[in-house]
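Listing of model.txt, compact mmCIF, C-alpha atoms
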```txt
# COMPACT_ATOMS: atom_id res chain seq x y z
CA MET A 1 103.41 77.58 184.37
CA THR A 2 104.12 79.72 181.32
CA VAL A 3 104.64 76.96 178.81
CA PRO A 4 103.08 77.89 175.45
CA ASN A 5 99.94 76.02 174.55
CA GLU A 6 101.51 74.55 171.43
CA HIS A 7 103.78 72.43 173.58
CA LEU A 8 100.83 70.91 175.41
CA LEU A 9 99.15 70.19 172.10
CA ILE A 10 102.33 68.72 170.62
CA LEU A 11 102.71 66.46 173.67
CA ALA A 12 99.09 65.38 173.26
CA GLY A 13 99.73 64.65 169.59
CA ILE A 14 102.79 62.55 170.37
CA LEU A 15 100.92 60.55 173.00
CA PHE A 16 97.98 60.02 170.65
CA ALA A 17 100.29 58.88 167.86
CA ILE A 18 102.02 56.39 170.17
CA GLY A 19 98.59 55.13 171.23
CA VAL A 20 97.51 54.65 167.63
CA GLY A 21 100.76 52.85 166.90
CA GLY A 22 100.21 50.47 169.80
CA PHE A 23 96.61 49.94 168.78
CA PHE A 24 97.65 48.72 165.36
CA LEU A 25 100.97 47.12 166.27
CA ARG A 26 100.17 44.90 169.22
CA ARG A 27 98.09 41.75 169.22
CA ASN A 28 97.67 41.39 172.97
CA LEU A 29 94.15 42.61 173.70
CA ILE A 30 95.16 44.06 177.07
CA ILE A 31 97.87 46.18 175.45
CA VAL A 32 95.35 47.28 172.82
CA LEU A 33 93.03 48.43 175.62
CA MET A 34 95.91 50.29 177.26
CA SER A 35 96.66 52.03 173.96
CA ILE A 36 93.05 53.21 173.91
CA GLU A 37 93.52 54.60 177.42
CA LEU A 38 96.62 56.40 176.18
CA MET A 39 94.66 57.99 173.34
CA LEU A 40 91.91 59.09 175.74
CA ASN A 41 94.54 60.70 177.95
CA ALA A 42 95.94 62.58 174.97
CA ALA A 43 92.42 63.86 174.30
CA ASN A 44 92.19 64.95 177.94
CA LEU A 45 95.43 66.86 177.58
CA THR A 46 94.01 68.59 174.51
CA PHE A 47 90.93 69.59 176.52
CA VAL A 48 93.14 71.05 179.23
CA ALA A 49 95.19 72.96 176.65
CA GLY A 50 92.00 74.31 175.10
CA SER A 51 90.73 75.42 178.48
CA ARG A 52 94.02 77.20 179.09
CA MET A 53 93.90 78.78 175.68
CA HIS A 54 90.46 80.28 176.16
CA SER A 55 91.07 81.63 179.64
CA SER A 56 92.16 85.04 180.66
CA GLY A 57 93.52 85.78 184.11
CA ALA A 58 90.34 87.04 185.72
CA ASP A 59 87.90 85.00 183.67
CA PRO A 60 88.83 81.32 183.65
CA ASN A 61 87.18 79.01 181.17
CA LEU A 62 86.88 75.64 182.87
CA GLU A 63 84.70 73.68 180.45
CA GLY A 64 87.68 71.89 178.96
CA GLY A 65 88.62 70.54 182.37
CA LEU A 66 85.01 69.57 182.95
CA PHE A 67 84.94 67.56 179.75
CA ALA A 68 88.17 65.88 180.79
CA VAL A 69 86.39 64.75 183.97
CA PHE A 70 83.61 63.24 181.86
CA VAL A 71 86.19 61.55 179.62
CA ILE A 72 87.86 60.00 182.68
CA MET A 73 84.47 58.69 183.82
CA VAL A 74 83.66 57.13 180.45
CA ALA A 75 87.20 55.74 180.16
CA ALA A 76 86.76 53.90 183.46
CA VAL A 77 83.55 52.34 182.12
CA GLU A 78 85.29 51.42 178.87
CA ALA A 79 88.21 49.78 180.64
CA SER A 80 85.99 47.71 182.94
CA VAL A 81 83.71 46.47 180.15
CA GLY A 82 86.67 45.79 177.88
CA LEU A 83 88.47 43.78 180.53
CA ALA A 84 85.29 41.80 181.22
CA LEU A 85 85.15 40.99 177.52
CA VAL A 86 88.80 39.91 177.67
CA ILE A 87 87.97 37.55 180.53
CA ALA A 88 85.00 36.15 178.62
CA LEU A 89 87.20 35.65 175.56
CA TYR A 90 89.85 33.90 177.63
CA ARG A 91 87.21 31.53 178.99
CA ARG A 92 86.20 30.50 175.50
CA LYS A 93 89.51 30.45 173.63
CA GLN A 94 92.28 30.36 176.27
CA THR A 95 94.04 33.28 174.61
CA VAL A 96 93.92 37.07 174.54
CA SER A 97 95.43 37.53 171.10
CA THR A 98 93.49 39.50 168.51
CA ALA A 99 94.70 36.96 165.95
CA SER A 100 92.28 34.46 167.48
CA LEU A 101 89.27 36.67 166.74
CA ASN A 102 88.65 35.46 163.23
CA ASP A 103 85.14 34.07 163.23
CA LEU A 104 81.73 35.65 163.59
CA GLY A 105 79.58 33.02 165.31
CA ASP A 106 80.59 30.86 168.21
CA MET B 1 110.86 75.99 187.65
CA ALA B 2 107.31 75.06 186.69
CA ASN B 3 108.28 75.11 183.04
CA PHE B 4 111.19 72.79 183.68
CA LEU B 5 108.86 70.46 185.59
CA PHE B 6 106.46 70.46 182.65
CA TYR B 7 109.15 69.45 180.18
CA LEU B 8 110.43 66.77 182.56
CA MET B 9 106.92 65.36 182.94
CA ALA B 10 106.34 65.54 179.18
CA LEU B 11 109.51 63.51 178.64
CA GLY B 12 108.37 61.03 181.28
CA ALA B 13 104.96 60.68 179.66
CA VAL B 14 106.44 60.01 176.23
CA VAL B 15 108.96 57.49 177.56
CA GLY B 16 106.25 55.79 179.59
CA SER B 17 103.90 55.52 176.64
CA LEU B 18 106.70 54.11 174.50
CA GLY B 19 107.21 51.55 177.25
CA VAL B 20 103.49 50.67 177.11
CA VAL B 21 103.59 49.99 173.40
CA GLY B 22 107.06 48.53 173.13
CA SER B 23 107.51 46.14 176.02
CA LYS B 24 106.94 42.40 175.64
CA ASN B 25 105.84 41.85 179.22
CA PRO B 26 102.27 43.01 179.99
CA ILE B 27 103.19 43.84 183.59
CA THR B 28 105.90 46.22 182.36
CA SER B 29 103.36 47.82 180.06
CA ILE B 30 100.91 48.37 182.89
CA LEU B 31 103.53 49.93 185.15
CA SER B 32 104.73 52.19 182.32
CA LEU B 33 101.15 53.30 181.76
CA LEU B 34 100.90 54.07 185.47
CA GLY B 35 103.99 56.27 185.20
CA THR B 36 102.50 58.04 182.19
CA PHE B 37 99.31 58.75 184.14
CA PHE B 38 101.24 60.23 187.04
CA CYS B 39 103.22 62.47 184.68
CA LEU B 40 99.97 63.63 183.07
CA ALA B 41 98.46 64.29 186.49
CA THR B 42 101.42 66.53 187.27
CA ILE B 43 100.87 68.40 184.02
CA TYR B 44 97.19 68.92 184.91
CA LEU B 45 98.27 70.21 188.30
CA LEU B 46 100.73 72.61 186.70
CA SER B 47 97.97 73.80 184.37
CA GLY B 48 95.81 74.68 187.36
CA PHE B 49 93.34 71.79 187.34
CA GLN B 50 93.76 70.37 190.81
CA PHE B 51 90.57 68.33 190.75
CA LEU B 52 91.48 66.81 187.40
CA ALA B 53 94.89 65.74 188.73
CA ALA B 54 93.27 64.15 191.78
CA ALA B 55 90.69 62.37 189.64
CA GLN B 56 93.41 61.15 187.31
CA ILE B 57 95.38 59.59 190.14
CA LEU B 58 92.32 58.19 191.93
CA VAL B 59 90.48 56.81 188.92
CA TYR B 60 93.34 55.83 186.63
CA GLY B 61 96.16 55.12 189.04
CA GLY B 62 93.90 53.64 191.69
CA ALA B 63 91.08 51.87 189.93
CA VAL B 64 91.79 51.24 186.28
CA MET B 65 95.40 50.18 186.68
CA VAL B 66 94.54 47.80 189.51
CA LEU B 67 91.85 46.36 187.25
CA PHE B 68 94.37 45.80 184.46
CA LEU B 69 96.90 44.24 186.84
CA PHE B 70 94.20 42.06 188.35
CA VAL B 71 93.09 40.75 184.97
CA VAL B 72 96.66 40.04 183.84
CA MET B 73 97.42 38.15 187.00
CA LEU B 74 94.04 36.39 187.04
CA LEU B 75 94.52 35.08 183.53
CA ASN B 76 98.21 34.32 184.16
CA LEU B 77 99.41 36.38 181.20
CA GLY B 78 102.58 37.65 182.79
CA ASN B 79 104.89 35.71 180.51
CA PRO B 80 105.91 37.34 177.23
CA ASP B 81 103.80 37.00 174.15
CA THR B 82 105.38 34.40 171.88
CA SER B 83 102.47 33.55 169.62
CA ALA B 84 103.05 33.44 165.91
CA ALA B 85 102.30 36.47 163.78
CA PRO B 86 99.03 36.50 161.84
CA ASP B 87 99.40 36.46 158.10
CA PHE B 88 96.55 38.76 156.99
CA ILE B 89 98.75 41.83 156.99
CA GLY B 90 101.86 39.83 157.57
CA LYS B 91 105.23 41.46 157.51
CA ARG B 92 103.83 44.86 156.55
CA ARG B 93 102.18 45.27 159.93
CA VAL B 94 105.07 47.14 161.53
CA PRO B 95 105.66 49.61 158.66
CA ILE B 96 101.93 50.33 158.41
CA ALA B 97 101.71 51.13 162.11
CA ILE B 98 104.83 53.30 162.08
CA ALA B 99 103.70 55.18 158.99
CA THR B 100 100.27 55.79 160.51
CA SER B 101 101.82 57.13 163.68
CA ILE B 102 104.17 59.43 161.80
CA CYS B 103 101.35 60.73 159.61
CA LEU B 104 99.19 61.47 162.64
CA ALA B 105 102.05 63.21 164.42
CA LEU B 106 102.83 65.28 161.34
CA LEU B 107 99.17 66.24 160.94
CA THR B 108 99.10 67.36 164.54
CA PHE B 109 102.26 69.38 164.17
CA ILE B 110 101.04 71.05 160.98
CA GLY B 111 97.67 71.79 162.52
CA VAL B 112 99.21 73.25 165.65
CA LEU B 113 101.79 75.34 163.83
CA GLY B 114 99.26 76.55 161.26
CA GLN B 115 96.98 77.82 163.98
CA GLY B 116 98.02 81.42 164.33
CA ASP B 117 96.48 82.54 167.58
CA VAL B 118 97.17 79.46 169.67
CA GLN B 119 99.35 81.46 171.98
CA ALA B 120 96.99 84.41 172.13
CA GLY B 121 95.48 83.75 175.52
CA ASN B 122 98.23 82.20 177.55
CA ALA B 123 96.60 82.58 180.90
CA SER B 124 98.00 80.96 183.95
CA LEU B 125 95.12 79.26 185.71
CA ALA B 126 97.19 78.54 188.77
CA GLU B 127 96.02 81.63 190.59
CA VAL B 128 92.35 80.90 190.07
CA ASP B 129 90.27 78.61 192.27
CA THR B 130 89.38 76.08 189.62
CA ILE B 131 87.79 73.54 191.95
CA THR B 132 84.92 75.85 192.92
CA GLY B 133 84.37 76.84 189.31
CA LEU B 134 84.43 73.22 188.20
CA ALA B 135 81.93 72.24 190.89
CA GLU B 136 79.62 75.09 189.95
CA LEU B 137 79.69 73.93 186.34
CA LEU B 138 79.32 70.25 187.21
CA PHE B 139 76.34 70.73 189.52
CA GLY B 140 74.90 73.63 187.57
CA SER B 141 74.52 73.57 183.83
CA PHE B 142 76.11 70.13 183.44
CA LEU B 143 73.97 68.36 186.04
CA LEU B 144 72.12 66.20 183.51
CA PRO B 145 75.31 64.76 181.92
CA PHE B 146 76.63 64.17 185.42
CA GLU B 147 73.57 62.12 186.37
CA ALA B 148 73.67 60.31 183.04
CA GLY B 149 77.27 59.41 183.83
CA SER B 150 76.26 57.93 187.16
CA ILE B 151 73.65 55.78 185.42
CA LEU B 152 76.31 54.75 182.90
CA LEU B 153 78.63 53.67 185.71
CA LEU B 154 75.86 51.67 187.38
CA SER B 155 74.88 49.89 184.17
CA ALA B 156 78.55 49.18 183.44
CA ALA B 157 78.93 47.55 186.84
CA VAL B 158 75.97 45.27 186.10
CA ALA B 159 77.22 44.58 182.58
CA VAL B 160 80.69 43.61 183.79
CA ILE B 161 79.22 41.12 186.26
CA VAL B 162 77.03 39.60 183.55
CA LEU B 163 79.90 39.39 181.06
CA ALA B 164 82.55 37.99 183.35
CA LYS B 165 80.33 35.57 185.27
CA ARG B 166 81.15 31.95 184.83
CA GLU B 167 78.38 30.25 182.92
CA ARG B 168 76.88 27.77 185.30
CA SER B 169 74.81 25.83 182.80
CA GLN B 170 77.85 24.98 180.70
CA ALA B 171 78.51 21.78 182.61
CA ASP B 172 74.98 20.53 182.05
CA LYS B 173 74.86 21.15 178.34
CA PRO B 174 76.63 18.82 175.92
CA GLN B 175 79.67 20.45 174.39
CA THR B 176 78.77 21.31 170.85
CA SER B 177 80.62 24.42 169.86
CA ASP B 178 84.10 23.71 171.15
CA THR B 179 84.71 20.37 169.54
CA GLY B 180 83.17 21.36 166.22
CA GLU B 181 80.92 18.32 165.82
CA ALA B 182 77.37 19.34 166.55
CA VAL B 183 75.08 16.96 168.37
CA ARG B 184 71.89 17.39 166.45
```
Final structure tokens representation of the file:
Amino acid sequence: MTVPNEHLLILAGILFAIGVGGFFLRRNLIIVLMSIELMLNAANLTFVAGSRMHSSGADPNLEGGLFAVFVIMVAAVEASVGLALVIALYRRKQTVSTASLNDLGD
Amino acid sequence: MANFLFYLMALGAVVGSLGVVGSKNPITSILSLLGTFFCLATIYLLSGFQFLAAAQILVYGGAVMVLFLFVVMLLNLGNPDTSAAPDFIGKRRVPIAIATSICLALLTFIGVLGQGDVQAGNASLAEVDTITGLAELLFGSFLLPFEAGSILLLSAAVAVIVLAKRERSQADKPQTSDTGEAVR
């Protein structure tokens, strides 16, 4: 693939911007969590583009891809804990809307 | 051919992510996100990271998306969201979000275009065996973060069970918090 690296970075920027938009726009907590996943994927794409950028043909630089693997691992943890919190919230309030999260205590 | 595939997958990823944010039905959002992840996995594969593409499909497409679908169907949230809008930001919520997105996209574009030597090293990693190199890094100089990640996954598994477990003692206790009148 001989696509210039700017195009990977621009795609990552577009995906990140859409993720930020969903994070602020939507009130459904599950969609908010999915927007976070979208932003993490945009970051992964940036890591891949950086790894491509700093490689030459005989001497590949793979640390960007390695960090993307770590990001995938942490994103799985984040999704599972976040969804457990959504379930706990649904048990208490019977809703998953962020508009219902307006008090500090129980 | 590979370039054309990249642009096709980029278009698919953008359309899928717009579907995530824009659709009213949570199930549609989840399936759009799944499509986005597959498009991104193809882009990783085209960039030469075979292991990353496999991990993306296995972890995201296999595990995380099933988790999302499971939670949506467990909580019976499949019907569209018709709750009333909150009034703390009110009607300005949509313009604020759109303006933030446009600003971020513009910043990215300016940063990318201002960077002069982005296209300096435009190596094609497809000829290199990246899996061996990745494994040597992962089990070599990055062994400690790898082990820390395994401990993180284990603790997250325990934490999820603790968080999502049904509280058994709730039936025994008198209901104080839900009704608002405390029994003191």
Shell of 10 Å around A:Gly50, all atoms listed in the file, local chain residues under 2 positions omitted, as a ChimeraX atom specification: /A:5,8-9,44-48,52-55,61-65 /B:118
Atom CA of B:Leu104 and atom CA of A:Ser35 are how many Å apart?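 Result for atom CA of B:Leu104 versus atom CA of A:Ser35: 15.0 Å, one decimal.
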Show me which bits of chain A are within 7 Å of chain B, counting all atoms listed in the file, as a PyMOL selection string. chain A and resi 1-6+10-11+13-15+17-18+20-22+24-25+52-57+60+62+65-66+69+76-77+79-81+84-85+87-88+99+106
For the residues selected in the previous step, produce a file with C-alpha atoms as a PDB file, in the coordinates of the input.
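To be explicit, this is the file written out as out36.pdb:
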```
ATOM      1  CA  MET A   1     103.410  77.580 184.370  1.00  0.00           C
ATOM      2  CA  THR A   2     104.120  79.720 181.320  1.00  0.00           C
ATOM      3  CA  VAL A   3     104.640  76.960 178.810  1.00  0.00           C
ATOM      4  CA  PRO A   4     103.080  77.890 175.450  1.00  0.00           C
ATOM      5  CA  ASN A   5      99.940  76.020 174.550  1.00  0.00           C
ATOM      6  CA  GLU A   6     101.510  74.550 171.430  1.00  0.00           C
ATOM      7  CA  ILE A  10     102.330  68.720 170.620  1.00  0.00           C
ATOM      8  CA  LEU A  11     102.710  66.460 173.670  1.00  0.00           C
ATOM      9  CA  GLY A  13      99.730  64.650 169.590  1.00  0.00           C
ATOM     10  CA  ILE A  14     102.790  62.550 170.370  1.00  0.00           C
ATOM     11  CA  LEU A  15     100.920  60.550 173.000  1.00  0.00           C
ATOM     12  CA  ALA A  17     100.290  58.880 167.860  1.00  0.00           C
ATOM     13  CA  ILE A  18     102.020  56.390 170.170  1.00  0.00           C
ATOM     14  CA  VAL A  20      97.510  54.650 167.630  1.00  0.00           C
ATOM     15  CA  GLY A  21     100.760  52.850 166.900  1.00  0.00           C
ATOM     16  CA  GLY A  22     100.210  50.470 169.800  1.00  0.00           C
ATOM     17  CA  PHE A  24      97.650  48.720 165.360  1.00  0.00           C
ATOM     18  CA  LEU A  25     100.970  47.120 166.270  1.00  0.00           C
ATOM     19  CA  ARG A  52      94.020  77.200 179.090  1.00  0.00           C
ATOM     20  CA  MET A  53      93.900  78.780 175.680  1.00  0.00           C
ATOM     21  CA  HIS A  54      90.460  80.280 176.160  1.00  0.00           C
ATOM     22  CA  SER A  55      91.070  81.630 179.640  1.00  0.00           C
ATOM     23  CA  SER A  56      92.160  85.040 180.660  1.00  0.00           C
ATOM     24  CA  GLY A  57      93.520  85.780 184.110  1.00  0.00           C
ATOM     25  CA  PRO A  60      88.830  81.320 183.650  1.00  0.00           C
ATOM     26  CA  LEU A  62      86.880  75.640 182.870  1.00  0.00           C
ATOM     27  CA  GLY A  65      88.620  70.540 182.370  1.00  0.00           C
ATOM     28  CA  LEU A  66      85.010  69.570 182.950  1.00  0.00           C
ATOM     29  CA  VAL A  69      86.390  64.750 183.970  1.00  0.00           C
ATOM     30  CA  ALA A  76      86.760  53.900 183.460  1.00  0.00           C
ATOM     31  CA  VAL A  77      83.550  52.340 182.120  1.00  0.00           C
ATOM     32  CA  ALA A  79      88.210  49.780 180.640  1.00  0.00           C
ATOM     33  CA  SER A  80      85.990  47.710 182.940  1.00  0.00           C
ATOM     34  CA  VAL A  81      83.710  46.470 180.150  1.00  0.00           C
ATOM     35  CA  ALA A  84      85.290  41.800 181.220  1.00  0.00           C
ATOM     36  CA  LEU A  85      85.150  40.990 177.520  1.00  0.00           C
ATOM     37  CA  ILE A  87      87.970  37.550 180.530  1.00  0.00           C
ATOM     38  CA  ALA A  88      85.000  36.150 178.620  1.00  0.00           C
ATOM     39  CA  ALA A  99      94.700  36.960 165.950  1.00  0.00           C
ATOM     40  CA  ASP A 106      80.590  30.860 168.210  1.00  0.00           C
TER      41      ASP A 106
END
```
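For A:Val71, the set of protein, DNA and RNA residues having any atom at most 9 Å away, when counting only C-alpha atoms and skipping those fewer than 3 positions along the same chain, is Leu40, Asn41, Ala43, Asn44, Leu66, Phe67, Ala68, Val74, Ala75 and Ala76 of chain A.
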Take atom CA of A:Val96 and atom CA of A:Met73 and report the distance between them in Å, one decimal.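 Going from atom CA of A:Val96 over to atom CA of A:Met73 covers 25.4 Å.
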Fix up stretch 65-76 of chain A with all heavy atoms, then write it as a PDB file, keeping the file's coordinate frame.
```
ATOM      1  N   GLY A  65      88.342  71.414 181.243  1.00  0.00           N
ATOM      2  CA  GLY A  65      88.620  70.540 182.370  1.00  0.00           C
ATOM      3  C   GLY A  65      87.421  69.705 182.762  1.00  0.00           C
ATOM      4  O   GLY A  65      87.542  68.535 183.122  1.00  0.00           O
ATOM      5  N   LEU A  66      86.235  70.305 182.629  1.00  0.00           N
ATOM      6  CA  LEU A  66      85.010  69.570 182.950  1.00  0.00           C
ATOM      7  C   LEU A  66      84.826  68.400 181.991  1.00  0.00           C
ATOM      8  O   LEU A  66      84.497  67.284 182.405  1.00  0.00           O
ATOM      9  CB  LEU A  66      83.833  70.535 182.856  1.00  0.00           C
ATOM     10  CG  LEU A  66      82.512  69.969 183.302  1.00  0.00           C
ATOM     11  CD1 LEU A  66      82.528  69.802 184.788  1.00  0.00           C
ATOM     12  CD2 LEU A  66      81.391  70.855 182.884  1.00  0.00           C
ATOM     13  N   PHE A  67      85.077  68.662 180.703  1.00  0.00           N
ATOM     14  CA  PHE A  67      84.940  67.560 179.750  1.00  0.00           C
ATOM     15  C   PHE A  67      85.983  66.485 179.996  1.00  0.00           C
ATOM     16  O   PHE A  67      85.719  65.298 179.784  1.00  0.00           O
ATOM     17  CB  PHE A  67      85.028  68.087 178.320  1.00  0.00           C
ATOM     18  CG  PHE A  67      83.696  68.436 177.766  1.00  0.00           C
ATOM     19  CD1 PHE A  67      83.160  69.694 177.951  1.00  0.00           C
ATOM     20  CD2 PHE A  67      82.962  67.490 177.099  1.00  0.00           C
ATOM     21  CE1 PHE A  67      81.919  70.005 177.467  1.00  0.00           C
ATOM     22  CE2 PHE A  67      81.709  67.797 176.609  1.00  0.00           C
ATOM     23  CZ  PHE A  67      81.189  69.053 176.795  1.00  0.00           C
ATOM     24  N   ALA A  68      87.162  66.887 180.462  1.00  0.00           N
ATOM     25  CA  ALA A  68      88.170  65.880 180.790  1.00  0.00           C
ATOM     26  C   ALA A  68      87.685  64.988 181.931  1.00  0.00           C
ATOM     27  O   ALA A  68      87.936  63.781 181.924  1.00  0.00           O
ATOM     28  CB  ALA A  68      89.480  66.553 181.151  1.00  0.00           C
ATOM     29  N   VAL A  69      86.959  65.561 182.897  1.00  0.00           N
ATOM     30  CA  VAL A  69      86.390  64.750 183.970  1.00  0.00           C
ATOM     31  C   VAL A  69      85.404  63.731 183.408  1.00  0.00           C
ATOM     32  O   VAL A  69      85.412  62.544 183.771  1.00  0.00           O
ATOM     33  CB  VAL A  69      85.711  65.647 185.023  1.00  0.00           C
ATOM     34  CG1 VAL A  69      84.965  64.802 186.031  1.00  0.00           C
ATOM     35  CG2 VAL A  69      86.740  66.497 185.726  1.00  0.00           C
ATOM     36  N   PHE A  70      84.559  64.176 182.468  1.00  0.00           N
ATOM     37  CA  PHE A  70      83.610  63.240 181.860  1.00  0.00           C
ATOM     38  C   PHE A  70      84.341  62.152 181.070  1.00  0.00           C
ATOM     39  O   PHE A  70      83.935  60.982 181.078  1.00  0.00           O
ATOM     40  CB  PHE A  70      82.649  63.991 180.941  1.00  0.00           C
ATOM     41  CG  PHE A  70      81.544  64.659 181.688  1.00  0.00           C
ATOM     42  CD1 PHE A  70      81.445  66.033 181.720  1.00  0.00           C
ATOM     43  CD2 PHE A  70      80.603  63.918 182.358  1.00  0.00           C
ATOM     44  CE1 PHE A  70      80.440  66.650 182.417  1.00  0.00           C
ATOM     45  CE2 PHE A  70      79.589  64.530 183.054  1.00  0.00           C
ATOM     46  CZ  PHE A  70      79.514  65.897 183.085  1.00  0.00           C
ATOM     47  N   VAL A  71      85.424  62.542 180.386  1.00  0.00           N
ATOM     48  CA  VAL A  71      86.190  61.550 179.620  1.00  0.00           C
ATOM     49  C   VAL A  71      86.804  60.518 180.557  1.00  0.00           C
ATOM     50  O   VAL A  71      86.801  59.313 180.258  1.00  0.00           O
ATOM     51  CB  VAL A  71      87.267  62.241 178.767  1.00  0.00           C
ATOM     52  CG1 VAL A  71      88.203  61.217 178.159  1.00  0.00           C
ATOM     53  CG2 VAL A  71      86.633  63.037 177.668  1.00  0.00           C
ATOM     54  N   ILE A  72      87.298  60.951 181.712  1.00  0.00           N
ATOM     55  CA  ILE A  72      87.860  60.000 182.680  1.00  0.00           C
ATOM     56  C   ILE A  72      86.782  59.022 183.134  1.00  0.00           C
ATOM     57  O   ILE A  72      87.002  57.812 183.216  1.00  0.00           O
ATOM     58  CB  ILE A  72      88.459  60.769 183.877  1.00  0.00           C
ATOM     59  CG1 ILE A  72      89.770  61.419 183.481  1.00  0.00           C
ATOM     60  CG2 ILE A  72      88.700  59.845 185.043  1.00  0.00           C
ATOM     61  CD1 ILE A  72      90.395  62.231 184.564  1.00  0.00           C
ATOM     62  N   MET A  73      85.568  59.548 183.366  1.00  0.00           N
ATOM     63  CA  MET A  73      84.470  58.690 183.820  1.00  0.00           C
ATOM     64  C   MET A  73      84.143  57.633 182.762  1.00  0.00           C
ATOM     65  O   MET A  73      84.042  56.432 183.061  1.00  0.00           O
ATOM     66  CB  MET A  73      83.260  59.560 184.117  1.00  0.00           C
ATOM     67  CG  MET A  73      82.073  58.841 184.635  1.00  0.00           C
ATOM     68  SD  MET A  73      80.929  60.004 185.342  1.00  0.00           S
ATOM     69  CE  MET A  73      80.398  60.893 183.897  1.00  0.00           C
ATOM     70  N   VAL A  74      84.013  58.072 181.501  1.00  0.00           N
ATOM     71  CA  VAL A  74      83.660  57.130 180.450  1.00  0.00           C
ATOM     72  C   VAL A  74      84.818  56.157 180.192  1.00  0.00           C
ATOM     73  O   VAL A  74      84.588  54.982 179.891  1.00  0.00           O
ATOM     74  CB  VAL A  74      83.253  57.903 179.183  1.00  0.00           C
ATOM     75  CG1 VAL A  74      83.003  56.962 178.035  1.00  0.00           C
ATOM     76  CG2 VAL A  74      82.010  58.698 179.463  1.00  0.00           C
ATOM     77  N   ALA A  75      86.061  56.624 180.371  1.00  0.00           N
ATOM     78  CA  ALA A  75      87.200  55.740 180.160  1.00  0.00           C
ATOM     79  C   ALA A  75      87.232  54.639 181.201  1.00  0.00           C
ATOM     80  O   ALA A  75      87.599  53.502 180.893  1.00  0.00           O
ATOM     81  CB  ALA A  75      88.494  56.532 180.193  1.00  0.00           C
ATOM     82  N   ALA A  76      86.820  54.944 182.432  1.00  0.00           N
ATOM     83  CA  ALA A  76      86.760  53.900 183.460  1.00  0.00           C
ATOM     84  C   ALA A  76      85.733  52.840 183.074  1.00  0.00           C
ATOM     85  O   ALA A  76      85.985  51.633 183.187  1.00  0.00           O
ATOM     86  CB  ALA A  76      86.424  54.509 184.812  1.00  0.00           C
TER      87      ALA A  76
END
```
